[in-house]
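Chemist: The structure follows.
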Amino acid sequence: MAPASRLLALWALAAVALPGSGAEGDGGYAFVRPVILQGLTDNSRFRALCSRDRLLASFGDRVVRLSTANTYSYHKVDLPFQEYVEQLLHPQDPTSLGNDTLYFFGDNNFTEWASLFRHYSPPPFGLLGTAPAYSFGIAGAGSGVPFHWHGPGYSEVIYGRKRWFLYPPEKTPEFHPNKTTLAWLRDTYPALPPSARPLECTIRAGEVLYFPDRWWHATLNLDTSVFISTFLG
């Protein structure tokens, strides 16, 4: 666990206000700082539907698109969801490169998975001029995506725990785009001086991380994890 000085602030629902949410407040976090949110929604029904047995029963024969776990995720592989769960959903090999690691996140067929997604309640805040889009993922312990950036959004853990490392847009992290987050944590992180270390936190089941626009971030699944992001694009 990171020292308290580097942990993200933890806020209850009443303490958070983002522009366009209709809530009172200055909305300062929407553009300048990540924040952990608790108590936003009740996704217990969605969580029940995301158990291993329920997902395999409902979607085992569906073809899913996997991405390589490197910064740019160039390579895509299509295979049945059951094959991914039974053959590839295992702990990360710390010696594997990102382009040798397949990861199910983001490339979802929303028509085929609509019966699941309709049970998910996203965070009730928005940003003016954006529309939400879901990315659903399942990954093994030690897996994750190395540093990258994109637009703002939320990430909720349904099962497991996900560790996050974040830098503001103006502070490019030291990393290799084809090394996994696990390798970065082992090889690069220990040598970073305090001034070069990222903001970091661990998101647990039922918690949500809000990440602002263009913030660098890397993720590391501490357990076999199920998670869903709501991108505000």
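Ordering of the structure tokens sets the chain letters (A, B, ...); residue numbers start at 1 within each chain; ligands are numbered from 1 in the order shown.
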Which residues of range 41-74 of chain A come within 12 Å of range 131-140 of chain A, and for each one, what is the closest pair of atoms and their distance in Å to one decimal, counting only C-alpha atoms, sorted by chain and residue number, as JSON lines?
Modeler:
{"residue": "A:Phe46", "atom": "CA", "partner": "A:Phe136", "partner_atom": "CA", "distance": 11.9}
{"residue": "A:Cys50", "atom": "CA", "partner": "A:Ile138", "partner_atom": "CA", "distance": 9.6}
{"residue": "A:Ser51", "atom": "CA", "partner": "A:Ile138", "partner_atom": "CA", "distance": 10.8}
{"residue": "A:Arg52", "atom": "CA", "partner": "A:Ile138", "partner_atom": "CA", "distance": 10.0}
{"residue": "A:Leu55", "atom": "CA", "partner": "A:Ile138", "partner_atom": "CA", "distance": 10.6}
{"residue": "A:Val64", "atom": "CA", "partner": "A:Gly137", "partner_atom": "CA", "distance": 10.7}
{"residue": "A:Arg65", "atom": "CA", "partner": "A:Gly137", "partner_atom": "CA", "distance": 10.9}
{"residue": "A:Leu66", "atom": "CA", "partner": "A:Gly137", "partner_atom": "CA", "distance": 9.8}
{"residue": "A:Ser67", "atom": "CA", "partner": "A:Gly137", "partner_atom": "CA", "distance": 10.9}
{"residue": "A:Thr68", "atom": "CA", "partner": "A:Ala139", "partner_atom": "CA", "distance": 12.0}
{"residue": "A:Ala69", "atom": "CA", "partner": "A:Ala139", "partner_atom": "CA", "distance": 10.6}
Chemist: Need to verify the contact set: range 160-162 of chain A, 9 Å, only C-alpha atoms, exclusion of same-chain residues closer than 3 positions in sequence. Can you return it as an mmCIF file with C-alpha atoms, in the first residue's frame?
Modeler:
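Written out: part05.cif:
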data_model
loop_
_atom_site.group_PDB
_atom_site.id
_atom_site.type_symbol
_atom_site.label_atom_id
_atom_site.label_comp_id
_atom_site.auth_asym_id
_atom_site.auth_seq_id
_atom_site.Cartn_x
_atom_site.Cartn_y
_atom_site.Cartn_z
ATOM 1 C CA ALA A 141 -4.139 -11.694 -11.093
ATOM 2 C CA GLY A 144 -3.014 -4.996 -16.291
ATOM 3 C CA VAL A 157 -14.437 -3.014 -9.712
ATOM 4 C CA CYS A 201 -4.569 3.555 -4.876
ATOM 5 C CA THR A 202 -6.296 0.184 -4.759
ATOM 6 C CA ILE A 203 -9.919 0.024 -5.884
ATOM 7 C CA ARG A 204 -11.994 -2.750 -4.297
ATOM 8 C CA ALA A 205 -15.304 -4.298 -5.238
ATOM 9 C CA THR A 219 -3.398 -0.707 -13.823
ATOM 10 C CA LEU A 220 -2.588 -3.940 -12.010
ATOM 11 C CA ASN A 221 -5.232 -6.520 -11.103
ATOM 12 C CA LEU A 222 -4.313 -7.887 -7.671
ATOM 13 C CA ASP A 223 -6.799 -10.754 -8.003
ATOM 14 C CA THR A 224 -8.763 -12.317 -10.824
ATOM 15 C CA SER A 225 -10.987 -9.305 -11.393
ATOM 16 C CA VAL A 226 -14.188 -8.228 -13.120
ATOM 17 C CA PHE A 227 -14.455 -4.502 -13.836
#
Chemist: How would you write, as a count of residues only, the set of residues in chain A that DSSP gives as strand (DSSP E or B)?
Modeler: 72
Chemist: Using only C-alpha atoms, which of the listed residues (A:Ser195, A:Asn99, A:Gln87, A:Ser58) sits closest to Lys179 in chain A?
Modeler: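 Smallest separation from Lys179 in chain A among the options: A:Asn99.
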Chemist: Point out the residue among A:Ser115, A:Ser96, A:Asn109, A:Ser155 with the least atom-to-atom distance to Leu232 in chain A, counting only C-alpha atoms.
Modeler: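 Counting only C-alpha atoms, the residue closest to Leu232 in chain A is A:Ser155.
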Chemist: Might you pull out every residue within 9 Å of Leu40 in chain A, with only C-alpha atoms counted and same-chain residues fewer than 2 positions away left off, and present them as a VMD selection string?
Modeler: chain A and resid 12 to 13 37 to 38 42 122 to 124 206 to 208
